[in-house]
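What follows is the content of run16.cif (mmCIF, C-alpha atoms).
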```cif
data_data
#
loop_
_atom_site.group_PDB
_atom_site.id
_atom_site.type_symbol
_atom_site.label_atom_id
_atom_site.label_comp_id
_atom_site.auth_asym_id
_atom_site.auth_seq_id
_atom_site.Cartn_x
_atom_site.Cartn_y
_atom_site.Cartn_z
ATOM 1 C CA MET D 23 45.596 108.868 94.196
ATOM 2 C CA GLU D 24 48.276 111.270 95.424
ATOM 3 C CA GLU D 25 47.330 110.341 98.980
ATOM 4 C CA LEU D 26 47.730 106.639 98.140
ATOM 5 C CA PHE D 27 51.074 107.378 96.514
ATOM 6 C CA GLU D 28 52.403 109.067 99.638
ATOM 7 C CA GLN D 29 51.022 106.314 101.864
ATOM 8 C CA TYR D 30 52.351 103.311 99.954
ATOM 9 C CA ARG D 31 55.277 104.437 97.802
ATOM 10 C CA ALA D 32 57.929 103.406 100.366
ATOM 11 C CA LEU D 33 56.432 99.936 100.705
ATOM 12 C CA LEU D 34 56.066 99.532 96.932
ATOM 13 C CA PHE D 35 59.574 100.802 96.242
ATOM 14 C CA THR D 36 61.031 98.403 98.828
ATOM 15 C CA LEU D 37 59.140 95.520 97.257
ATOM 16 C CA ALA D 38 60.175 96.456 93.715
ATOM 17 C CA TYR D 39 63.818 97.060 94.628
ATOM 18 C CA GLN D 40 64.180 93.723 96.383
ATOM 19 C CA LEU D 41 62.516 91.941 93.481
ATOM 20 C CA THR D 42 64.776 93.560 90.872
ATOM 21 C CA GLY D 43 67.966 94.599 92.688
ATOM 22 C CA SER D 44 67.864 97.898 90.791
ATOM 23 C CA THR D 45 66.807 101.293 92.124
ATOM 24 C CA ALA D 46 66.145 102.610 88.615
ATOM 25 C CA ASP D 47 63.874 99.661 87.790
ATOM 26 C CA ALA D 48 62.127 99.977 91.159
ATOM 27 C CA GLU D 49 61.445 103.673 90.649
ATOM 28 C CA ASP D 50 60.140 103.035 87.125
ATOM 29 C CA VAL D 51 57.866 100.232 88.341
ATOM 30 C CA VAL D 52 56.331 102.341 91.123
ATOM 31 C CA GLN D 53 55.762 105.287 88.790
ATOM 32 C CA ASP D 54 54.253 103.004 86.146
ATOM 33 C CA VAL D 55 51.947 101.333 88.658
ATOM 34 C CA PHE D 56 50.584 104.622 89.984
ATOM 35 C CA TYR D 57 50.149 105.939 86.455
ATOM 36 C CA LYS D 58 48.041 102.894 85.583
ATOM 37 C CA ALA D 59 46.234 103.046 88.932
ATOM 38 C CA HIS D 60 44.668 106.358 87.887
ATOM 39 C CA GLU D 61 42.618 104.402 85.350
ATOM 40 C CA ILE D 62 41.296 101.898 87.907
ATOM 41 C CA GLN D 63 37.737 102.230 89.105
ATOM 42 C CA PRO D 64 37.599 103.302 92.788
ATOM 43 C CA GLU D 65 35.542 100.248 93.783
ATOM 44 C CA ARG D 66 38.444 98.000 92.711
ATOM 45 C CA LEU D 67 40.755 99.807 95.129
ATOM 46 C CA LYS D 68 38.883 98.944 98.324
ATOM 47 C CA GLU D 69 42.069 97.141 99.456
ATOM 48 C CA PRO D 70 44.674 99.499 97.957
ATOM 49 C CA LYS D 71 47.718 97.988 99.658
ATOM 50 C CA ALA D 72 47.071 94.484 98.340
ATOM 51 C CA TYR D 73 46.028 95.715 94.903
ATOM 52 C CA LEU D 74 49.057 97.970 94.431
ATOM 53 C CA CYS D 75 51.465 95.317 95.753
ATOM 54 C CA LYS D 76 49.985 92.849 93.280
ATOM 55 C CA MET D 77 50.501 95.306 90.418
ATOM 56 C CA VAL D 78 54.114 95.911 91.467
ATOM 57 C CA THR D 79 54.821 92.199 91.865
ATOM 58 C CA ASN D 80 53.394 91.344 88.437
ATOM 59 C CA ARG D 81 55.345 94.156 86.792
ATOM 60 C CA CYS D 82 58.571 93.017 88.442
ATOM 61 C CA LEU D 83 57.987 89.392 87.461
ATOM 62 C CA ASP D 84 57.732 90.555 83.847
ATOM 63 C CA LEU D 85 60.936 92.592 84.226
ATOM 64 C CA GLN D 86 62.829 89.645 85.695
ATOM 65 C CA LYS D 87 62.336 87.639 82.523
ATOM 66 C CA SER D 88 64.241 90.171 80.448
ATOM 67 C CA ALA D 89 66.714 90.881 83.276
ATOM 68 C CA ARG D 90 67.772 87.232 83.384
ATOM 69 C CA LYS D 91 68.600 87.314 79.684
ATOM 70 C CA LYS D 92 70.683 90.474 80.149
ATOM 71 C CA ARG D 93 72.591 88.922 83.035
ATOM 72 C CA GLU D 94 73.516 85.938 80.882
ATOM 73 C CA VAL D 95 75.755 88.275 78.847
ATOM 74 C CA TYR D 96 76.777 90.507 81.768
ATOM 75 C CA VAL D 97 80.563 90.651 82.196
ATOM 76 C CA GLY D 98 81.466 88.984 85.488
ATOM 77 C CA PRO D 99 79.225 88.496 88.536
ATOM 78 C CA TRP D 100 76.089 90.636 88.825
ATOM 79 C CA LEU D 101 75.468 92.271 92.215
ATOM 80 C CA PRO D 102 72.444 94.315 93.341
ATOM 81 C CA GLU D 103 72.738 98.081 93.155
ATOM 82 C CA PRO D 104 73.532 99.612 96.578
ATOM 83 C CA ILE D 105 70.851 101.894 97.937
ATOM 84 C CA SER D 106 71.302 104.689 100.456
ATOM 85 C CA THR D 107 69.196 104.464 103.602
ATOM 86 C CA SER D 108 70.650 107.473 105.359
ATOM 87 C CA GLY D 109 67.603 109.728 105.584
ATOM 88 C CA GLU D 110 65.409 110.136 108.609
ATOM 89 C CA ASP D 111 62.157 110.813 106.799
ATOM 90 C CA LEU D 112 59.298 108.327 107.006
ATOM 91 C CA VAL D 113 59.931 106.853 103.557
ATOM 92 C CA GLU D 114 63.541 105.906 104.202
ATOM 93 C CA LYS D 115 62.735 104.608 107.672
ATOM 94 C CA ILE D 116 60.184 102.231 106.144
ATOM 95 C CA VAL D 117 62.621 101.146 103.422
ATOM 96 C CA ARG D 118 65.320 100.515 106.022
ATOM 97 C CA ARG D 119 62.969 98.565 108.283
ATOM 98 C CA ASP D 120 61.795 96.185 105.555
ATOM 99 C CA MET D 121 65.170 95.659 103.862
ATOM 100 C CA LEU D 122 66.765 92.232 103.591
ATOM 101 C CA SER D 123 70.514 92.148 104.167
ATOM 102 C CA TYR D 124 72.675 92.819 101.112
ATOM 103 C CA ALA D 125 74.133 89.308 101.358
ATOM 104 C CA MET D 126 70.602 87.895 101.241
ATOM 105 C CA LEU D 127 69.766 89.968 98.158
ATOM 106 C CA VAL D 128 72.785 88.415 96.448
ATOM 107 C CA LEU D 129 71.590 84.920 97.340
ATOM 108 C CA LEU D 130 68.107 85.651 95.977
ATOM 109 C CA GLU D 131 69.593 85.407 92.478
ATOM 110 C CA ARG D 132 69.490 81.631 92.974
ATOM 111 C CA LEU D 133 65.704 81.651 93.047
ATOM 112 C CA THR D 134 63.074 81.581 90.348
ATOM 113 C CA PRO D 135 61.070 84.814 90.057
ATOM 114 C CA SER D 136 58.072 83.248 91.840
ATOM 115 C CA GLU D 137 60.222 81.852 94.658
ATOM 116 C CA ARG D 138 61.893 85.223 95.078
ATOM 117 C CA ALA D 139 58.562 87.037 95.189
ATOM 118 C CA ALA D 140 57.134 84.659 97.790
ATOM 119 C CA PHE D 141 60.269 84.912 99.927
ATOM 120 C CA ILE D 142 60.374 88.716 99.891
ATOM 121 C CA LEU D 143 56.658 89.107 100.541
ATOM 122 C CA ARG D 144 56.886 86.737 103.488
ATOM 123 C CA GLU D 145 60.291 87.351 105.065
ATOM 124 C CA ALA D 146 60.922 91.029 104.305
ATOM 125 C CA LEU D 147 57.436 92.514 104.219
ATOM 126 C CA GLY D 148 55.625 90.161 106.591
ATOM 127 C CA PHE D 149 52.634 89.156 104.441
ATOM 128 C CA ASP D 150 50.818 86.007 105.534
ATOM 129 C CA TYR D 151 50.394 83.085 103.147
ATOM 130 C CA ALA D 152 46.773 83.904 102.339
ATOM 131 C CA GLU D 153 47.831 87.399 101.247
ATOM 132 C CA ILE D 154 50.787 86.054 99.254
ATOM 133 C CA ALA D 155 48.494 83.614 97.485
ATOM 134 C CA GLU D 156 46.222 86.490 96.481
ATOM 135 C CA LEU D 157 49.143 88.628 95.289
ATOM 136 C CA LEU D 158 50.728 85.859 93.233
ATOM 137 C CA GLY D 159 47.473 84.363 91.972
ATOM 138 C CA LYS D 160 48.338 80.948 93.417
ATOM 139 C CA ARG D 161 46.990 78.564 96.028
ATOM 140 C CA GLU D 162 48.141 79.030 99.591
ATOM 141 C CA THR D 163 49.665 75.543 99.598
ATOM 142 C CA SER D 164 51.619 76.425 96.458
ATOM 143 C CA CYS D 165 52.993 79.539 98.145
ATOM 144 C CA ARG D 166 54.139 77.479 101.110
ATOM 145 C CA MET D 167 55.916 75.153 98.694
ATOM 146 C CA LEU D 168 57.563 78.145 97.005
ATOM 147 C CA MET D 169 58.847 79.300 100.396
ATOM 148 C CA SER D 170 60.102 75.842 101.260
ATOM 149 C CA ARG D 171 61.999 75.563 97.965
ATOM 150 C CA ALA D 172 63.374 79.080 98.353
ATOM 151 C CA LYS D 173 64.742 78.400 101.833
ATOM 152 C CA SER D 174 66.214 75.114 100.665
ATOM 153 C CA LYS D 175 68.037 76.817 97.774
ATOM 154 C CA LEU D 176 69.254 79.577 100.075
ATOM 155 C CA GLY D 177 70.390 77.144 102.740
ATOM 156 C CA ILE D 178 68.317 78.932 105.383
ATOM 157 C CA THR D 179 67.358 77.315 108.662
ATOM 158 C CA GLY D 180 64.657 78.574 110.985
ATOM 159 C CA GLU D 181 67.250 80.533 112.961
ATOM 160 C CA GLU D 182 68.996 82.163 110.018
ATOM 161 C CA HIS D 183 69.357 85.958 110.083
ATOM 162 C CA ILE D 184 67.961 87.421 106.875
ATOM 163 C CA THR D 185 68.119 91.068 107.883
ATOM 164 C CA ALA D 186 71.336 93.025 108.273
ATOM 165 C CA GLU D 187 73.317 92.494 111.465
ATOM 166 C CA ALA D 188 75.298 95.205 113.210
ATOM 167 C CA VAL D 189 78.997 95.131 112.408
ATOM 168 C CA ASP D 190 81.842 96.254 114.684
ATOM 169 C CA LEU D 191 83.054 99.395 112.923
ATOM 170 C CA ASP D 192 86.348 99.467 114.857
ATOM 171 C CA TRP D 193 87.014 95.956 113.632
ATOM 172 C CA VAL D 194 86.227 96.960 110.064
ATOM 173 C CA SER D 195 88.480 100.010 110.402
ATOM 174 C CA ARG D 196 91.377 97.780 111.436
ATOM 175 C CA PHE D 197 90.643 95.553 108.462
ATOM 176 C CA LEU D 198 90.787 98.516 106.061
ATOM 177 C CA THR D 199 93.934 99.885 107.697
ATOM 178 C CA SER D 200 95.666 96.525 107.330
ATOM 179 C CA LEU D 201 94.684 96.409 103.654
ATOM 180 C CA GLU D 202 95.931 99.933 103.074
ATOM 181 C CA GLN D 203 99.244 99.179 104.799
ATOM 182 C CA GLY D 204 99.649 95.888 102.954
ATOM 183 C CA ASN D 205 99.580 93.902 106.202
ATOM 184 C CA VAL D 206 98.394 90.715 104.518
ATOM 185 C CA ASP D 207 99.009 88.514 107.573
ATOM 186 C CA HIS D 208 96.589 90.552 109.684
ATOM 187 C CA VAL D 209 94.037 90.603 106.861
ATOM 188 C CA LEU D 210 94.267 86.806 106.645
ATOM 189 C CA SER D 211 93.588 86.523 110.370
ATOM 190 C CA LEU D 212 90.261 88.325 109.874
ATOM 191 C CA LEU D 213 89.060 86.129 107.001
ATOM 192 C CA SER D 214 87.280 82.803 107.420
ATOM 193 C CA GLU D 215 88.734 79.698 105.799
ATOM 194 C CA ASP D 216 85.853 79.564 103.302
ATOM 195 C CA VAL D 217 85.713 83.302 102.537
ATOM 196 C CA ILE D 218 84.332 84.333 99.142
ATOM 197 C CA LEU D 219 84.993 87.640 97.388
ATOM 198 C CA VAL D 220 82.573 88.761 94.652
ATOM 199 C CA THR D 221 83.302 91.872 92.587
ATOM 200 C CA ASP D 222 80.984 93.535 90.082
ATOM 201 C CA GLY D 223 82.653 95.729 87.471
ATOM 202 C CA GLY D 224 80.181 95.066 84.678
ATOM 203 C CA GLY D 225 83.032 95.091 82.149
ATOM 204 C CA LYS D 226 83.438 98.847 82.690
ATOM 205 C CA VAL D 227 86.213 98.840 85.298
ATOM 206 C CA VAL D 228 88.793 96.309 86.441
ATOM 207 C CA ALA D 229 87.192 93.561 88.550
ATOM 208 C CA ALA D 230 87.441 89.801 88.949
ATOM 209 C CA THR D 231 85.209 88.038 86.434
ATOM 210 C CA SER D 232 84.465 85.151 88.792
ATOM 211 C CA PRO D 233 84.193 84.792 92.581
ATOM 212 C CA ILE D 234 87.491 84.408 94.482
ATOM 213 C CA GLN D 235 87.300 81.526 96.934
ATOM 214 C CA THR D 236 90.697 81.107 98.565
ATOM 215 C CA ARG D 237 91.690 83.166 101.581
ATOM 216 C CA ASP D 238 95.194 84.028 100.320
ATOM 217 C CA GLN D 239 93.885 85.239 96.976
ATOM 218 C CA VAL D 240 91.122 87.294 98.600
ATOM 219 C CA ALA D 241 93.633 89.104 100.812
ATOM 220 C CA LEU D 242 96.082 89.747 97.973
ATOM 221 C CA ILE D 243 93.403 90.917 95.525
ATOM 222 C CA LEU D 244 91.825 93.308 98.040
ATOM 223 C CA ALA D 245 95.212 94.771 98.978
ATOM 224 C CA GLY D 246 96.157 95.122 95.310
ATOM 225 C CA ALA D 247 92.839 96.735 94.399
ATOM 226 C CA LEU D 248 93.173 99.272 97.215
ATOM 227 C CA HIS D 249 96.701 100.114 96.081
ATOM 228 C CA ALA D 250 95.478 100.543 92.494
ATOM 229 C CA LEU D 251 92.718 102.921 93.608
ATOM 230 C CA LYS D 252 95.201 104.985 95.635
ATOM 231 C CA SER D 253 97.332 105.390 92.526
ATOM 232 C CA GLN D 254 94.384 107.097 90.794
ATOM 233 C CA GLY D 255 94.391 109.976 93.263
ATOM 234 C CA SER D 256 93.417 110.728 96.827
ATOM 235 C CA LEU D 257 91.550 107.768 98.310
ATOM 236 C CA ARG D 258 89.096 108.059 101.177
ATOM 237 C CA ALA D 259 87.136 105.272 102.844
ATOM 238 C CA GLU D 260 83.950 106.139 104.708
ATOM 239 C CA PHE D 261 81.165 104.242 106.406
ATOM 240 C CA ALA D 262 77.707 104.844 104.987
ATOM 241 C CA PRO D 263 74.169 103.580 105.729
ATOM 242 C CA LEU D 264 73.390 101.407 102.717
ATOM 243 C CA ASN D 265 70.653 98.784 102.335
ATOM 244 C CA GLY D 266 69.726 99.141 105.990
ATOM 245 C CA GLU D 267 73.245 98.286 107.145
ATOM 246 C CA THR D 268 76.697 99.843 107.246
ATOM 247 C CA GLY D 269 78.580 99.696 103.968
ATOM 248 C CA ILE D 270 81.983 101.051 103.017
ATOM 249 C CA VAL D 271 82.280 103.649 100.264
ATOM 250 C CA LEU D 272 85.696 104.148 98.668
ATOM 251 C CA ARG D 273 86.092 107.519 96.983
ATOM 252 C CA THR D 274 88.870 108.693 94.684
ATOM 253 C CA GLU D 275 89.037 112.428 94.128
ATOM 254 C CA GLY D 276 85.709 112.674 95.923
ATOM 255 C CA LYS D 277 83.858 110.362 93.519
ATOM 256 C CA PRO D 278 82.601 106.884 94.523
ATOM 257 C CA ALA D 279 84.905 104.191 93.124
ATOM 258 C CA ALA D 280 83.567 101.180 95.006
ATOM 259 C CA VAL D 281 81.066 100.060 97.617
ATOM 260 C CA ILE D 282 81.959 97.182 99.906
ATOM 261 C CA PHE D 283 79.617 95.021 101.983
ATOM 262 C CA LEU D 284 81.153 92.722 104.579
ATOM 263 C CA GLN D 285 79.362 89.717 106.063
ATOM 264 C CA HIS D 286 80.832 88.182 109.188
ATOM 265 C CA ARG D 287 80.201 84.953 111.036
ATOM 266 C CA HIS D 288 81.859 83.583 114.141
ATOM 267 C CA GLY D 289 84.206 86.563 114.352
ATOM 268 C CA LYS D 290 85.482 86.314 110.765
ATOM 269 C CA PHE D 291 84.556 87.880 107.433
ATOM 270 C CA ASP D 292 83.155 85.121 105.219
ATOM 271 C CA ARG D 293 81.518 87.037 102.352
ATOM 272 C CA ILE D 294 82.818 90.241 100.776
ATOM 273 C CA TYR D 295 80.867 91.990 98.012
ATOM 274 C CA VAL D 296 82.469 94.818 96.048
ATOM 275 C CA VAL D 297 80.386 96.885 93.624
ATOM 276 C CA ARG D 298 82.583 98.768 91.142
ATOM 277 C CA ASN D 299 80.299 99.155 88.130
ATOM 278 C CA PRO D 300 80.006 102.971 87.904
ATOM 279 C CA ASP D 301 76.408 102.687 86.706
ATOM 280 C CA LYS D 302 75.512 101.204 90.097
ATOM 281 C CA LEU D 303 77.258 103.919 92.120
ATOM 282 C CA THR D 304 75.404 106.965 90.851
ATOM 283 C CA ARG D 305 73.031 107.039 93.841
ATOM 284 C CA VAL D 306 75.632 106.427 96.552
#
```
Using structure tokens, write down the structure from this file.
Amino acid sequence: MEELFEQYRALLFTLAYQLTGSTADAEDVVQDVFYKAHEIQPERLKEPKAYLCKMVTNRCLDLQKSARKKREVYVGPWLPEPISTSGEDLVEKIVRRDMLSYAMLVLLERLTPSERAAFILREALGFDYAEIAELLGKRETSCRMLMSRAKSKLGITGEEHITAEAVDLDWVSRFLTSLEQGNVDHVLSLLSEDVILVTDGGGKVVAATSPIQTRDQVALILAGALHALKSQGSLRAEFAPLNGETGIVLRTEGKPAAVIFLQHRHGKFDRIYVVRNPDKLTRV
């Protein structure tokens, strides 16, 4: 079983994390699955990858029921917990390879648990429909319908990028510098007309309790938030490999105060996600 754990734990963690949006939940699910797998008769593990993925998926589907109730009383928008993908060992390389973009993880909250599971198994992990049907205990045609509904809800076309795209770090640096200097006009020039800013403070730190959807407000709020963080002590912004892409970590007095993910289209930033809930920054 230890050999199976080493062989499949990266895959199972990636699956569990993308189903739950929580590293703590993902770690607990993988540990729980392997603990229970010790009790399984060897003949039932002839296809260990499929069997273990099915166990993880079922456990996560159960977790999502309670998670949805918790998010109904969550203060402000709920964003997935950032995850570091900086290591060069085999596990982190696999996690990074199979990771949906952070923006896509946010959009997955629109889906039902079954739609989300089908989408992740297909688009992130590359399972075919016959395998997905076996994992979800559904007909293959039903799984295709789940995928169709998921893509419709997500507004995805056949050419949509669902994995992280490379971002011009010099461009991002200029964006941060303009924010820090209060150069709102230059910040506005980098934002799309329909830009949306989502901040997650979880009621534990100052953050907007609803998405900001006007360009002027986004620029002013970001500049004000950066100024407020600077007033708390020395502020340092650094690029970091997070969720298989480049995120921005803001640190005050050496401690993470926020993580920012920027999504750009047609040369403009159109989605900005800021995680400030300290509970979600412990692993950054």
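In this structure, atom CA of Ser195 of chain D sits 17.6 Å away from atom CA of Leu251 of chain D.
Between atom CA of Gly224 of chain D and atom CA of Val97 of chain D the interatomic distance comes to 5.1 Å.
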- Item | Distance of atom CA of Arg258 of chain D from atom CA of Ile234 of chain D, expressed in Å to one decimal place | 24.6 Å
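Here the question is which of D:Ser214, D:Ala38, D:Leu257, D:Lys76 gets nearest to Ala155 of chain D using all atoms listed in the file, and that residue is D:Lys76.
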- Task: Counting all atoms listed in the file, figure out which residue out of D:Asp54, D:Glu131, D:Glu94, D:Glu61 gets nearest to Met77 of chain D.
- Result: D:Asp54
- Task: Write out as a list in words the residues lying within 9 Å of segment 157-162 of chain D, counting all atoms listed in the file and excluding same-chain residues fewer than 6 positions away.
- Result: Ala72, Tyr73, Cys75, Lys76, Met77, Thr79, Asn80, Ser136, Ala139, Ala140 and Tyr151 of chain D
- Task: Would you translate the PyMOL selection byres ((chain D and resi 271) around 12) into the concrete set of residues it matches in this file, as number ranges by chain?
- Result: D: 104-106, 198, 257-264, 268-270, 272-274, 276-284, 295-298, 303, 305-306
Rebuild segment 219-234 of chain D to N, CA and C atoms - output it as a short mmCIF file (atom, residue, chain, number, x, y, z; two decimals), keeping the file's coordinate frame, please.
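File written: result.cif
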```cif
data_model
loop_
_atom_site.label_atom_id
_atom_site.label_comp_id
_atom_site.auth_asym_id
_atom_site.auth_seq_id
_atom_site.Cartn_x
_atom_site.Cartn_y
_atom_site.Cartn_z
N LEU D 219 85.00 86.25 97.84
CA LEU D 219 84.99 87.64 97.39
C LEU D 219 84.31 87.71 96.03
N VAL D 220 83.29 88.57 95.92
CA VAL D 220 82.57 88.76 94.65
C VAL D 220 82.68 90.23 94.27
N THR D 221 83.16 90.49 93.05
CA THR D 221 83.30 91.87 92.59
C THR D 221 82.49 92.08 91.32
N ASP D 222 81.83 93.21 91.23
CA ASP D 222 80.98 93.54 90.08
C ASP D 222 81.53 94.79 89.42
N GLY D 223 82.16 94.60 88.26
CA GLY D 223 82.65 95.73 87.47
C GLY D 223 81.86 95.93 86.21
N GLY D 224 81.03 94.95 85.86
CA GLY D 224 80.18 95.07 84.68
C GLY D 224 80.94 95.25 83.37
N GLY D 225 82.24 94.91 83.36
CA GLY D 225 83.03 95.09 82.15
C GLY D 225 83.45 96.52 81.91
N LYS D 226 83.15 97.42 82.88
CA LYS D 226 83.44 98.85 82.69
C LYS D 226 84.65 99.31 83.48
N VAL D 227 85.01 98.57 84.51
CA VAL D 227 86.21 98.84 85.30
C VAL D 227 86.85 97.50 85.62
N VAL D 228 88.09 97.54 86.11
CA VAL D 228 88.79 96.31 86.44
C VAL D 228 88.13 95.63 87.64
N ALA D 229 87.79 94.35 87.48
CA ALA D 229 87.19 93.56 88.55
C ALA D 229 87.34 92.09 88.19
N ALA D 230 87.35 91.24 89.20
CA ALA D 230 87.44 89.80 88.95
C ALA D 230 86.18 89.34 88.23
N THR D 231 86.35 88.50 87.22
CA THR D 231 85.21 88.04 86.43
C THR D 231 84.58 86.76 86.98
N SER D 232 85.07 86.30 88.11
CA SER D 232 84.46 85.15 88.79
C SER D 232 84.76 85.29 90.28
N PRO D 233 83.96 84.69 91.14
CA PRO D 233 84.19 84.79 92.58
C PRO D 233 85.56 84.22 92.97
N ILE D 234 86.21 84.86 93.95
CA ILE D 234 87.49 84.41 94.48
C ILE D 234 87.21 83.64 95.76
#
```
